[in-house]
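The structure file query00.cif is reproduced below (mmCIF, C-alpha atoms).
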data_model
#
loop_
_atom_site.label_atom_id
_atom_site.label_comp_id
_atom_site.auth_asym_id
_atom_site.auth_seq_id
_atom_site.Cartn_x
_atom_site.Cartn_y
_atom_site.Cartn_z
CA MET R 16 0.00 0.00 0.00
CA LEU R 17 2.92 2.35 0.57
CA SER R 18 3.51 2.22 -3.19
CA CYS R 19 0.24 4.16 -3.56
CA ARG R 20 1.72 7.28 -1.97
CA GLY R 21 1.72 10.18 -4.38
CA GLN R 22 -0.87 8.62 -6.66
CA ALA R 23 -4.12 10.41 -7.43
CA ALA R 24 -7.16 8.72 -5.87
CA SER R 25 -10.87 9.38 -5.67
CA PRO R 26 -12.59 9.08 -2.27
CA SER R 27 -13.94 5.66 -3.28
CA GLU R 28 -10.44 4.48 -4.25
CA ALA R 29 -9.08 5.90 -1.00
CA LEU R 30 -11.75 3.98 0.90
CA TRP R 31 -10.59 0.76 -0.75
CA LEU R 32 -7.08 1.48 0.58
CA ALA R 33 -8.50 2.13 4.04
CA VAL R 34 -10.43 -1.15 4.00
CA ARG R 35 -7.27 -3.02 3.03
CA ALA R 36 -5.32 -1.28 5.79
CA ALA R 37 -7.95 -2.30 8.37
CA GLU R 38 -7.27 -5.97 7.63
CA TYR R 39 -3.79 -5.55 9.14
CA ALA R 40 -5.36 -4.47 12.44
CA ARG R 41 -7.67 -7.47 12.81
CA GLY R 42 -6.84 -9.33 16.00
CA LEU R 43 -4.12 -6.85 16.96
CA SER R 44 -6.43 -3.95 17.85
CA THR R 45 -8.92 -5.81 20.09
CA PRO R 46 -10.80 -4.55 22.05
CA ASN R 47 -10.59 -1.47 19.84
CA PRO R 48 -12.13 -1.56 16.36
CA PRO R 49 -9.75 -2.36 13.47
CA VAL R 50 -10.13 0.88 11.55
CA GLY R 51 -8.44 1.92 8.32
CA ALA R 52 -7.73 5.50 7.22
CA THR R 53 -6.41 7.23 4.11
CA ILE R 54 -5.34 10.87 3.78
CA LEU R 55 -5.44 12.68 0.43
CA ASP R 56 -3.59 15.96 0.01
CA ALA R 57 -5.28 19.09 -1.32
CA GLU R 58 -4.71 17.90 -4.89
CA GLY R 59 -6.22 14.50 -4.25
CA HIS R 60 -3.02 12.45 -4.01
CA VAL R 61 -2.52 9.70 -1.43
CA CYS R 62 -0.17 10.96 1.28
CA GLY R 63 -1.02 8.79 4.27
CA ILE R 64 -2.47 5.38 5.10
CA GLY R 65 -2.91 3.90 8.56
CA CYS R 66 -4.69 1.32 10.67
CA THR R 67 -5.45 0.94 14.37
CA GLN R 68 -2.44 -0.13 16.41
CA PRO R 69 -2.54 -2.47 19.43
CA PRO R 70 -4.32 -1.13 22.55
CA GLY R 71 -2.66 1.99 23.88
CA GLY R 72 -1.15 2.77 20.48
CA PRO R 73 -2.24 5.28 17.85
CA HIS R 74 -5.55 4.98 16.06
CA ALA R 75 -5.77 4.70 12.29
CA GLU R 76 -6.22 8.42 11.69
CA ILE R 77 -3.12 9.29 13.74
CA GLU R 78 -1.03 6.73 11.83
CA ALA R 79 -2.22 8.14 8.52
CA LEU R 80 -1.61 11.73 9.61
CA ARG R 81 1.93 10.89 10.74
CA MET R 82 2.67 9.45 7.33
CA ALA R 83 1.10 12.44 5.58
CA GLY R 84 2.85 15.16 7.60
CA GLU R 85 2.25 18.68 6.35
CA ALA R 86 0.72 17.31 3.14
CA ALA R 87 -2.46 16.67 5.11
CA ARG R 88 -3.22 20.40 5.43
CA GLY R 89 -6.15 21.27 3.19
CA GLY R 90 -6.66 17.61 2.45
CA THR R 91 -9.29 14.90 2.82
CA ALA R 92 -9.54 12.07 5.35
CA ILE R 93 -11.31 8.83 4.47
CA VAL R 94 -11.98 6.47 7.38
CA THR R 95 -13.99 3.29 7.80
CA LEU R 96 -15.40 4.41 11.18
CA GLU R 97 -16.26 7.88 12.47
CA PRO R 98 -13.25 9.38 14.29
CA CYS R 99 -13.35 9.13 18.07
CA ASN R 100 -14.07 12.29 20.03
CA SER R 101 -13.08 11.44 23.60
CA TRP R 102 -9.97 10.93 25.66
CA GLY R 103 -8.95 7.39 26.50
CA LYS R 104 -5.48 5.89 26.30
CA THR R 105 -4.98 8.21 23.31
CA GLY R 106 -6.28 11.63 22.40
CA PRO R 107 -9.39 12.16 20.24
CA CYS R 108 -8.75 11.61 16.54
CA SER R 109 -11.28 14.30 15.63
CA HIS R 110 -9.09 16.92 17.33
CA ALA R 111 -5.99 15.63 15.56
CA LEU R 112 -7.69 15.83 12.16
CA ALA R 113 -8.82 19.39 12.82
CA GLU R 114 -5.37 20.45 14.00
CA ALA R 115 -3.79 18.86 10.92
CA GLY R 116 -5.92 21.08 8.68
CA ILE R 117 -8.18 18.42 7.17
CA THR R 118 -11.04 20.14 5.31
CA VAL R 119 -13.16 17.14 4.23
CA LEU R 120 -13.97 13.94 6.11
CA HIS R 121 -15.50 10.84 4.53
CA TYR R 122 -16.53 8.25 7.10
CA VAL R 123 -18.59 5.12 6.53
CA PHE R 124 -20.04 3.98 9.87
CA ALA R 125 -21.06 6.29 12.68
CA ASP R 126 -19.51 5.39 16.02
CA THR R 127 -22.46 4.85 18.34
CA THR R 128 -20.29 4.06 21.37
CA LEU R 129 -19.29 6.54 24.06
CA PHE R 130 -16.24 7.41 21.95
CA GLY R 131 -18.27 8.73 19.00
CA GLY R 132 -19.16 12.28 18.03
CA GLY R 133 -16.12 13.08 15.92
CA ALA R 134 -18.13 14.09 12.86
CA GLN R 135 -20.13 16.64 14.84
CA TYR R 136 -16.98 18.06 16.38
CA LEU R 137 -15.38 18.50 12.96
CA THR R 138 -18.56 19.91 11.40
CA GLU R 139 -18.67 22.58 14.10
CA ARG R 140 -15.14 23.57 13.06
CA GLY R 141 -15.93 23.98 9.40
CA VAL R 142 -14.92 20.54 8.13
CA THR R 143 -17.24 19.04 5.51
CA CYS R 144 -18.30 15.62 6.81
CA ILE R 145 -19.83 13.05 4.47
CA GLN R 146 -21.14 9.68 5.63
CA GLY R 147 -20.94 6.66 3.34
CA ASP R 148 -23.83 5.08 1.49
CA ASP R 149 -25.20 1.54 1.65
CA ALA R 150 -22.69 0.20 -0.87
CA GLN R 151 -19.78 1.59 1.12
CA ARG R 152 -21.19 0.20 4.35
CA ALA R 153 -21.40 -3.23 2.74
CA GLN R 154 -17.80 -2.88 1.53
CA VAL R 155 -16.49 -1.97 4.98
CA ARG R 156 -18.58 -4.61 6.74
CA LEU R 157 -16.98 -7.31 4.60
CA GLY R 158 -13.55 -5.95 5.50
CA GLY R 159 -11.73 -5.71 8.79
CA LEU R 160 -14.47 -3.88 10.68
CA GLY R 161 -17.13 -6.57 10.19
CA ALA R 162 -16.50 -8.50 13.40
CA TRP R 163 -16.45 -5.36 15.57
CA LEU R 164 -19.74 -4.20 14.03
CA HIS R 165 -21.23 -7.63 14.71
CA LYS R 166 -20.20 -7.38 18.37
CA GLN R 167 -21.77 -3.92 18.66
CA GLU R 168 -25.02 -5.07 17.07
CA THR R 169 -25.47 -8.48 18.74
CA GLY R 170 -23.48 -8.27 21.95
CA ARG R 171 -21.38 -11.31 21.07
CA PRO R 172 -18.37 -11.99 18.84
CA ARG R 173 -18.74 -13.02 15.23
CA VAL R 174 -18.36 -16.79 14.99
CA THR R 175 -16.72 -18.24 11.88
CA VAL R 176 -16.58 -21.96 11.11
CA LYS R 177 -13.49 -23.04 9.18
CA MET R 178 -13.57 -26.28 7.19
CA ALA R 179 -11.32 -27.97 4.65
CA ALA R 180 -12.88 -30.70 2.54
CA THR R 181 -12.93 -32.54 -0.75
CA LEU R 182 -15.42 -31.79 -3.51
CA ASP R 183 -17.72 -34.43 -2.04
CA GLY R 184 -17.53 -32.93 1.45
CA PHE R 185 -15.09 -35.16 3.32
CA SER R 186 -12.39 -33.85 5.66
CA ALA R 187 -10.66 -37.22 6.00
CA ALA R 188 -10.60 -40.61 4.30
CA ALA R 189 -12.45 -43.64 5.68
CA ASP R 190 -9.26 -44.76 7.45
CA GLY R 191 -8.92 -41.37 9.17
CA THR R 192 -6.04 -40.00 7.10
CA SER R 193 -6.38 -36.27 6.43
CA GLN R 194 -2.89 -34.86 5.83
CA TRP R 195 -3.31 -33.24 3.59
CA ILE R 196 -6.68 -32.58 1.96
CA THR R 197 -5.71 -29.07 0.86
CA GLY R 198 -2.41 -27.78 -0.51
CA GLU R 199 0.35 -25.70 1.07
CA GLU R 200 -1.06 -22.39 -0.18
CA ALA R 201 -4.49 -23.01 1.34
CA ARG R 202 -2.99 -24.12 4.64
CA ALA R 203 -0.82 -21.00 4.71
CA ASP R 204 -3.89 -18.86 4.05
CA ALA R 205 -5.71 -20.61 6.90
CA HIS R 206 -2.84 -19.71 9.23
CA LEU R 207 -3.09 -16.08 8.09
CA GLU R 208 -6.79 -16.16 8.94
CA ARG R 209 -5.93 -17.53 12.38
CA SER R 210 -3.60 -14.60 12.95
CA ARG R 211 -6.50 -12.19 12.49
CA VAL R 212 -8.96 -13.60 15.05
CA ASP R 213 -9.15 -13.25 18.81
CA ALA R 214 -9.85 -16.87 19.69
CA ILE R 215 -9.71 -20.29 18.05
CA VAL R 216 -11.85 -23.26 19.17
CA VAL R 217 -11.65 -27.04 18.77
CA GLY R 218 -13.35 -29.93 20.55
CA THR R 219 -11.72 -32.26 23.07
CA GLY R 220 -11.92 -35.14 20.58
CA THR R 221 -9.93 -33.30 17.93
CA PHE R 222 -7.49 -32.01 20.53
CA ALA R 223 -6.83 -35.46 21.98
CA ALA R 224 -6.59 -37.19 18.59
CA ASP R 225 -4.54 -34.64 16.65
CA ASN R 226 -2.79 -32.61 19.40
CA PRO R 227 -3.00 -29.48 17.23
CA ALA R 228 -0.76 -26.54 18.09
CA LEU R 229 -3.55 -24.10 17.09
CA THR R 230 -0.91 -21.45 16.45
CA ALA R 231 -0.77 -19.00 13.54
CA ARG R 232 2.45 -19.40 11.55
CA ASP R 233 3.76 -17.79 8.38
CA PRO R 234 4.91 -19.90 5.39
CA HIS R 235 8.41 -20.08 6.94
CA GLY R 236 7.06 -21.60 10.14
CA ASN R 237 7.49 -18.47 12.25
CA LEU R 238 4.78 -17.31 14.62
CA TYR R 239 2.74 -14.31 13.49
CA PRO R 240 2.91 -11.32 15.88
CA HIS R 241 -0.66 -11.96 17.00
CA GLN R 242 -1.69 -15.38 18.29
CA PRO R 243 -5.34 -16.15 19.09
CA HIS R 244 -6.34 -17.39 22.53
CA ARG R 245 -6.84 -21.14 22.12
CA TYR R 246 -9.88 -22.93 23.51
CA VAL R 247 -10.82 -26.59 23.78
CA ILE R 248 -14.51 -27.33 24.36
CA GLY R 249 -15.89 -30.52 25.89
CA THR R 250 -16.33 -32.35 29.18
CA SER R 251 -13.50 -34.88 28.85
CA ALA R 252 -10.50 -34.14 31.07
CA LEU R 253 -7.26 -33.17 29.35
CA ALA R 254 -3.72 -33.84 30.47
CA GLY R 255 -1.90 -30.99 32.16
CA GLU R 256 -4.93 -28.86 32.98
CA VAL R 257 -5.40 -26.93 36.20
CA GLU R 258 -8.90 -25.83 37.19
CA LEU R 259 -8.86 -22.11 37.78
CA THR R 260 -12.38 -20.84 38.26
CA HIS R 261 -15.94 -20.76 37.01
CA VAL R 262 -16.38 -18.03 34.38
CA SER R 263 -19.90 -17.30 33.14
CA GLY R 264 -20.92 -20.47 34.96
CA ILE R 265 -18.43 -22.68 33.08
CA PRO R 266 -15.51 -24.54 34.69
CA SER R 267 -12.47 -22.94 33.05
CA CYS R 268 -9.16 -24.78 33.12
CA ALA R 269 -5.75 -23.59 31.93
CA ILE R 270 -3.36 -25.91 30.11
CA SER R 271 0.14 -24.48 30.25
CA GLU R 272 2.71 -27.19 29.63
CA GLY R 273 4.04 -27.01 26.07
CA TYR R 274 1.67 -24.23 25.02
CA ALA R 275 3.65 -21.04 25.49
CA ALA R 276 2.78 -19.35 22.18
CA ALA R 277 -0.65 -18.24 23.41
CA PRO R 278 -3.02 -19.05 26.28
CA LEU R 279 -4.82 -22.40 26.07
CA THR R 280 -8.04 -22.82 28.00
CA HIS R 281 -10.35 -25.80 28.38
CA LEU R 282 -14.03 -24.91 28.78
CA ARG R 283 -15.68 -27.95 30.34
CA THR R 284 -19.02 -27.81 28.57
CA ARG R 285 -20.69 -29.12 25.44
CA GLU R 286 -23.34 -26.41 25.38
CA TRP R 287 -22.82 -23.74 22.75
CA GLU R 288 -25.17 -21.40 24.59
CA ASP R 289 -22.76 -21.42 27.55
CA VAL R 290 -19.72 -20.98 25.32
CA LEU R 291 -21.23 -18.01 23.49
CA THR R 292 -22.18 -16.40 26.80
CA TYR R 293 -18.59 -16.84 27.95
CA PHE R 294 -17.30 -15.19 24.77
CA ALA R 295 -19.89 -12.40 24.96
CA ASP R 296 -18.51 -11.48 28.39
CA SER R 297 -15.00 -11.15 26.92
CA ASP R 298 -13.42 -8.46 24.74
CA TYR R 299 -13.34 -10.83 21.77
CA GLN R 300 -14.74 -9.64 18.45
CA ASP R 301 -13.84 -12.56 16.18
CA VAL R 302 -13.89 -16.29 17.05
CA LEU R 303 -12.81 -19.09 14.71
CA VAL R 304 -14.13 -22.64 15.20
CA GLU R 305 -12.03 -25.31 13.46
CA GLY R 306 -13.41 -28.70 14.50
CA GLY R 307 -14.01 -31.49 14.84
CA PRO R 308 -16.95 -32.50 12.65
CA ARG R 309 -19.46 -33.00 15.50
CA LEU R 310 -18.54 -29.74 17.23
CA VAL R 311 -18.81 -27.85 13.93
CA GLY R 312 -21.98 -29.67 12.93
CA ASP R 313 -23.67 -28.90 16.24
CA LEU R 314 -22.72 -25.22 15.99
CA LEU R 315 -24.05 -25.00 12.43
CA ALA R 316 -27.23 -26.94 13.18
CA ARG R 317 -28.11 -24.69 16.11
CA GLY R 318 -27.73 -21.59 13.94
CA TYR R 319 -24.84 -20.03 15.87
CA ALA R 320 -22.35 -19.81 13.00
CA ASP R 321 -22.28 -16.34 11.45
CA ARG R 322 -19.77 -17.14 8.71
CA VAL R 323 -18.21 -20.13 7.00
CA LEU R 324 -14.64 -20.18 5.75
CA MET R 325 -14.39 -23.16 3.40
CA TYR R 326 -11.31 -24.51 1.65
CA THR R 327 -12.34 -26.96 -1.07
CA ALA R 328 -9.79 -29.29 -2.64
CA PRO R 329 -10.13 -30.64 -6.22
CA MET R 330 -10.35 -34.18 -4.86
CA ILE R 331 -12.95 -36.95 -4.62
CA LEU R 332 -12.87 -39.55 -1.84
CA GLY R 333 -16.22 -41.24 -2.30
CA GLN R 334 -16.39 -42.10 1.39
CA GLY R 335 -14.83 -40.82 4.58
CA LEU R 336 -15.41 -38.48 7.50
CA SER R 337 -17.72 -35.53 6.85
CA ALA R 338 -16.43 -32.01 7.46
CA ALA R 339 -19.54 -31.35 9.58
CA HIS R 340 -21.95 -33.80 11.17
CA SER R 341 -25.14 -33.25 13.17
CA PRO R 342 -28.16 -35.47 13.84
CA LEU R 343 -30.20 -32.29 14.34
CA ILE R 344 -30.49 -31.79 10.58
CA ASP R 345 -32.36 -34.79 9.19
CA THR R 346 -34.49 -33.14 6.52
CA LEU R 347 -33.85 -30.52 3.84
CA PRO R 348 -36.16 -27.85 5.32
CA ASN R 349 -33.93 -27.84 8.43
CA ALA R 350 -30.78 -27.13 6.43
CA GLN R 351 -28.72 -24.12 7.48
CA ARG R 352 -28.38 -21.77 4.53
CA PHE R 353 -25.64 -19.26 3.76
CA GLN R 354 -24.92 -16.77 1.00
CA PHE R 355 -21.66 -16.40 -0.89
CA VAL R 356 -19.47 -13.43 -0.02
CA SER R 357 -16.33 -14.26 -1.98
CA CYS R 358 -14.61 -17.04 -3.88
CA GLU R 359 -10.94 -17.11 -4.80
CA LYS R 360 -8.40 -19.65 -5.96
CA VAL R 361 -5.64 -20.32 -3.43
CA GLY R 362 -3.05 -22.56 -5.00
CA ALA R 363 -4.94 -25.57 -6.36
CA ASP R 364 -7.86 -25.09 -3.95
CA LEU R 365 -10.87 -22.79 -3.68
CA LYS R 366 -11.43 -20.49 -0.72
CA LEU R 367 -15.09 -19.68 -0.12
CA VAL R 368 -16.39 -17.16 2.39
CA LEU R 369 -20.08 -17.31 3.21
CA GLU R 370 -22.36 -15.47 5.62
CA ARG R 371 -25.57 -16.61 7.23
CA LYS R 372 -28.56 -16.00 5.03
CA LEU R 373 -31.01 -13.87 6.99
#

Show me this structure written as structure tokens.
Amino acid sequence: MLSCRGQAASPSEALWLAVRAAEYARGLSTPNPPVGATILDAEGHVCGIGCTQPPGGPHAEIEALRMAGEAARGGTAIVTLEPCNSWGKTGPCSHALAEAGITVLHYVFADTTLFGGGAQYLTERGVTCIQGDDAQRAQVRLGGLGAWLHKQETGRPRVTVKMAATLDGFSAAADGTSQWITGEEARADAHLERSRVDAIVVGTGTFAADNPALTARDPHGNLYPHQPHRYVIGTSALAGEVELTHVSGIPSCAISEGYAAAPLTHLRTREWEDVLTYFADSDYQDVLVEGGPRLVGDLLARGYADRVLMYTAPMILGQGLSAAHSPLIDTLPNAQRFQFVSCEKVGADLKLVLERKL
């Protein structure tokens, strides 16, 4: 994105840059929203791009203004979320934009939290403030800000189910072999997705059988800067766990030995209602559920999955272990339906992103 500096851009093109920038803040900015910002100089050239930094660090607007420097004076700011207007760990972004000499603000979503009000502040100081339309809101919602918006609207994190399967829907062969259904590129992309969520969830069966690290690693095997909190769900006891406390009514046990990359917690319950209450009481915005098939199937069947992240391999097994299984769906009218958001080729595989069909 830095290569865009100095290039002419319309507000809509600048918004696209801001949406891309926000993706870099996913996971890192929690509990703050992962916002993206672009600054155009008075002639309409890109002079600054930024995203929300980890808690206590600068917000997206401040990062973009720092990059822009004096070129921001007389310019335009494009942000995915209305600039904050209150003092917290950092100063209000609305004040910084005014002091930098910004004359036009494009923002997509109004900030309805206690930190909002930046557009009114800037309007009162002569800045032209323009809120985005429905198409821009849809664009931003599909980007980095989507999970935060979901948390604001529903009171709980966005829950994404991740699956990898053959064309005929199997995640493993009949003999249990599953390494690997998808190719290296798809697996690397799945690790990148892990690095952008707040928590990752598997069942006790998958954990005991596969002993997954549940870490997020780059293609060279190095840990990404952000690692999601790892959770194992189920009532079976796990080796090395120490019962800590009851949180949201659930026995919560830490597993520390051999799991230093990120916290690993065992929630001793099979009830998704309890798990979602636990997550709702946390700061999490984005939760990724990876398996196994019964855990995923139960989540899907009960209607608690907001998104599906599906990696489909160009492979036919004919028989095997289904990627998702639930006895709760025994007739077509009970099927859980989703709508396509995106489809892209990742190596030899397809990556599908779907959202619940309302």

So, with all atoms listed in the file as the atoms that count, which of R:Leu303, R:Ile196, R:Ala328, R:Ala316 lies closest to Ser341 (chain R)?
R:Ala316

Go through the shown structure with the PyMOL selection byres ((chain R and resi 367) around 7) and write out the matching residues as number ranges by chain.
R: 324-326, 357-359, 365-366, 368-369

Students should find that CA of Arg35 (chain R) and CA of Thr128 (chain R) are spaced 23.6 Å

Using all atoms listed in the file, give me every residue within 12 Å of (-9.3, -36.0, 29.3) in file coordinates, as a PDB file with C-alpha atoms, in the coordinates of the input.
ATOM      1  CA  GLY R 218     -13.350 -29.930  20.550  1.00  0.00           C
ATOM      2  CA  THR R 219     -11.720 -32.260  23.070  1.00  0.00           C
ATOM      3  CA  GLY R 220     -11.920 -35.140  20.580  1.00  0.00           C
ATOM      4  CA  THR R 221      -9.930 -33.300  17.930  1.00  0.00           C
ATOM      5  CA  PHE R 222      -7.490 -32.010  20.530  1.00  0.00           C
ATOM      6  CA  ALA R 223      -6.830 -35.460  21.980  1.00  0.00           C
ATOM      7  CA  ALA R 224      -6.590 -37.190  18.590  1.00  0.00           C
ATOM      8  CA  VAL R 247     -10.820 -26.590  23.780  1.00  0.00           C
ATOM      9  CA  ILE R 248     -14.510 -27.330  24.360  1.00  0.00           C
ATOM     10  CA  GLY R 249     -15.890 -30.520  25.890  1.00  0.00           C
ATOM     11  CA  THR R 250     -16.330 -32.350  29.180  1.00  0.00           C
ATOM     12  CA  SER R 251     -13.500 -34.880  28.850  1.00  0.00           C
ATOM     13  CA  ALA R 252     -10.500 -34.140  31.070  1.00  0.00           C
ATOM     14  CA  LEU R 253      -7.260 -33.170  29.350  1.00  0.00           C
ATOM     15  CA  ALA R 254      -3.720 -33.840  30.470  1.00  0.00           C
ATOM     16  CA  GLY R 255      -1.900 -30.990  32.160  1.00  0.00           C
ATOM     17  CA  GLU R 256      -4.930 -28.860  32.980  1.00  0.00           C
ATOM     18  CA  CYS R 268      -9.160 -24.780  33.120  1.00  0.00           C
ATOM     19  CA  ILE R 270      -3.360 -25.910  30.110  1.00  0.00           C
ATOM     20  CA  HIS R 281     -10.350 -25.800  28.380  1.00  0.00           C
ATOM     21  CA  ARG R 283     -15.680 -27.950  30.340  1.00  0.00           C
TER      22      ARG R 283
END

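Coordinates place CA of Gly65 (chain R) at a distance of 7.4 Å from CA of Ala33 (chain R).
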
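Taking CA of Asp289 (chain R) and CA of Ser263 (chain R) as endpoints, the distance between them is 7.5 Å.
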
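Across the chains present, the PyMOL selection byres ((chain R and resi 320-323) around 8) applied to this file returns Arg173, Val174, Thr175, Val176, Lys177, Met178, Leu314, Leu315, Gly318, Tyr319, Leu324, Met325, Phe353, Leu367, Val368, Leu369, Glu370 and Arg371 of chain R.
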
Working from the structure I just supplied, which lacks atoms in region 58-71 of chain R, can you model N, CA, C and O atoms there and output them as a PDB file, in the coordinates of the input?
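Now in rebuild_26.pdb:
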ATOM      1  N   GLU R  58      -4.569  18.202  -3.470  1.00  0.00           N
ATOM      2  CA  GLU R  58      -4.710  17.900  -4.890  1.00  0.00           C
ATOM      3  C   GLU R  58      -5.286  16.522  -5.144  1.00  0.00           C
ATOM      4  O   GLU R  58      -5.427  16.104  -6.302  1.00  0.00           O
ATOM      5  N   GLY R  59      -5.603  15.805  -4.085  1.00  0.00           N
ATOM      6  CA  GLY R  59      -6.220  14.500  -4.250  1.00  0.00           C
ATOM      7  C   GLY R  59      -5.254  13.356  -4.406  1.00  0.00           C
ATOM      8  O   GLY R  59      -5.629  12.298  -4.928  1.00  0.00           O
ATOM      9  N   HIS R  60      -4.007  13.526  -3.944  1.00  0.00           N
ATOM     10  CA  HIS R  60      -3.020  12.450  -4.010  1.00  0.00           C
ATOM     11  C   HIS R  60      -2.892  11.758  -2.647  1.00  0.00           C
ATOM     12  O   HIS R  60      -2.956  12.407  -1.601  1.00  0.00           O
ATOM     13  N   VAL R  61      -2.684  10.454  -2.669  1.00  0.00           N
ATOM     14  CA  VAL R  61      -2.520   9.700  -1.430  1.00  0.00           C
ATOM     15  C   VAL R  61      -1.246  10.124  -0.725  1.00  0.00           C
ATOM     16  O   VAL R  61      -0.156  10.080  -1.312  1.00  0.00           O
ATOM     17  N   CYS R  62      -1.364  10.561   0.525  1.00  0.00           N
ATOM     18  CA  CYS R  62      -0.170  10.960   1.280  1.00  0.00           C
ATOM     19  C   CYS R  62      -0.057  10.255   2.621  1.00  0.00           C
ATOM     20  O   CYS R  62       0.965  10.373   3.302  1.00  0.00           O
ATOM     21  N   GLY R  63      -1.091   9.515   3.005  1.00  0.00           N
ATOM     22  CA  GLY R  63      -1.020   8.790   4.270  1.00  0.00           C
ATOM     23  C   GLY R  63      -2.028   7.665   4.337  1.00  0.00           C
ATOM     24  O   GLY R  63      -3.159   7.814   3.873  1.00  0.00           O
ATOM     25  N   ILE R  64      -1.605   6.539   4.886  1.00  0.00           N
ATOM     26  CA  ILE R  64      -2.470   5.380   5.100  1.00  0.00           C
ATOM     27  C   ILE R  64      -2.143   4.824   6.483  1.00  0.00           C
ATOM     28  O   ILE R  64      -0.971   4.741   6.855  1.00  0.00           O
ATOM     29  N   GLY R  65      -3.170   4.438   7.232  1.00  0.00           N
ATOM     30  CA  GLY R  65      -2.910   3.900   8.560  1.00  0.00           C
ATOM     31  C   GLY R  65      -4.010   2.970   9.025  1.00  0.00           C
ATOM     32  O   GLY R  65      -5.111   2.949   8.465  1.00  0.00           O
ATOM     33  N   CYS R  66      -3.702   2.186  10.055  1.00  0.00           N
ATOM     34  CA  CYS R  66      -4.690   1.320  10.670  1.00  0.00           C
ATOM     35  C   CYS R  66      -4.502   1.359  12.186  1.00  0.00           C
ATOM     36  O   CYS R  66      -3.449   1.781  12.682  1.00  0.00           O
ATOM     37  N   THR R  67      -5.501   0.938  12.914  1.00  0.00           N
ATOM     38  CA  THR R  67      -5.450   0.940  14.370  1.00  0.00           C
ATOM     39  C   THR R  67      -4.304   0.071  14.870  1.00  0.00           C
ATOM     40  O   THR R  67      -4.126  -1.059  14.435  1.00  0.00           O
ATOM     41  N   GLN R  68      -3.544   0.599  15.798  1.00  0.00           N
ATOM     42  CA  GLN R  68      -2.440  -0.130  16.410  1.00  0.00           C
ATOM     43  C   GLN R  68      -2.931  -0.864  17.664  1.00  0.00           C
ATOM     44  O   GLN R  68      -4.044  -0.646  18.127  1.00  0.00           O
ATOM     45  N   PRO R  69      -2.122  -1.762  18.223  1.00  0.00           N
ATOM     46  CA  PRO R  69      -2.540  -2.470  19.430  1.00  0.00           C
ATOM     47  C   PRO R  69      -2.961  -1.522  20.545  1.00  0.00           C
ATOM     48  O   PRO R  69      -2.582  -0.340  20.541  1.00  0.00           O
ATOM     49  N   PRO R  70      -3.781  -1.990  21.499  1.00  0.00           N
ATOM     50  CA  PRO R  70      -4.320  -1.130  22.550  1.00  0.00           C
ATOM     51  C   PRO R  70      -3.252  -0.258  23.212  1.00  0.00           C
ATOM     52  O   PRO R  70      -2.178  -0.736  23.564  1.00  0.00           O
ATOM     53  N   GLY R  71      -3.592   1.021  23.337  1.00  0.00           N
ATOM     54  CA  GLY R  71      -2.660   1.990  23.880  1.00  0.00           C
ATOM     55  C   GLY R  71      -1.865   2.707  22.818  1.00  0.00           C
ATOM     56  O   GLY R  71      -1.257   3.749  23.083  1.00  0.00           O
TER      57      GLY R  71
END
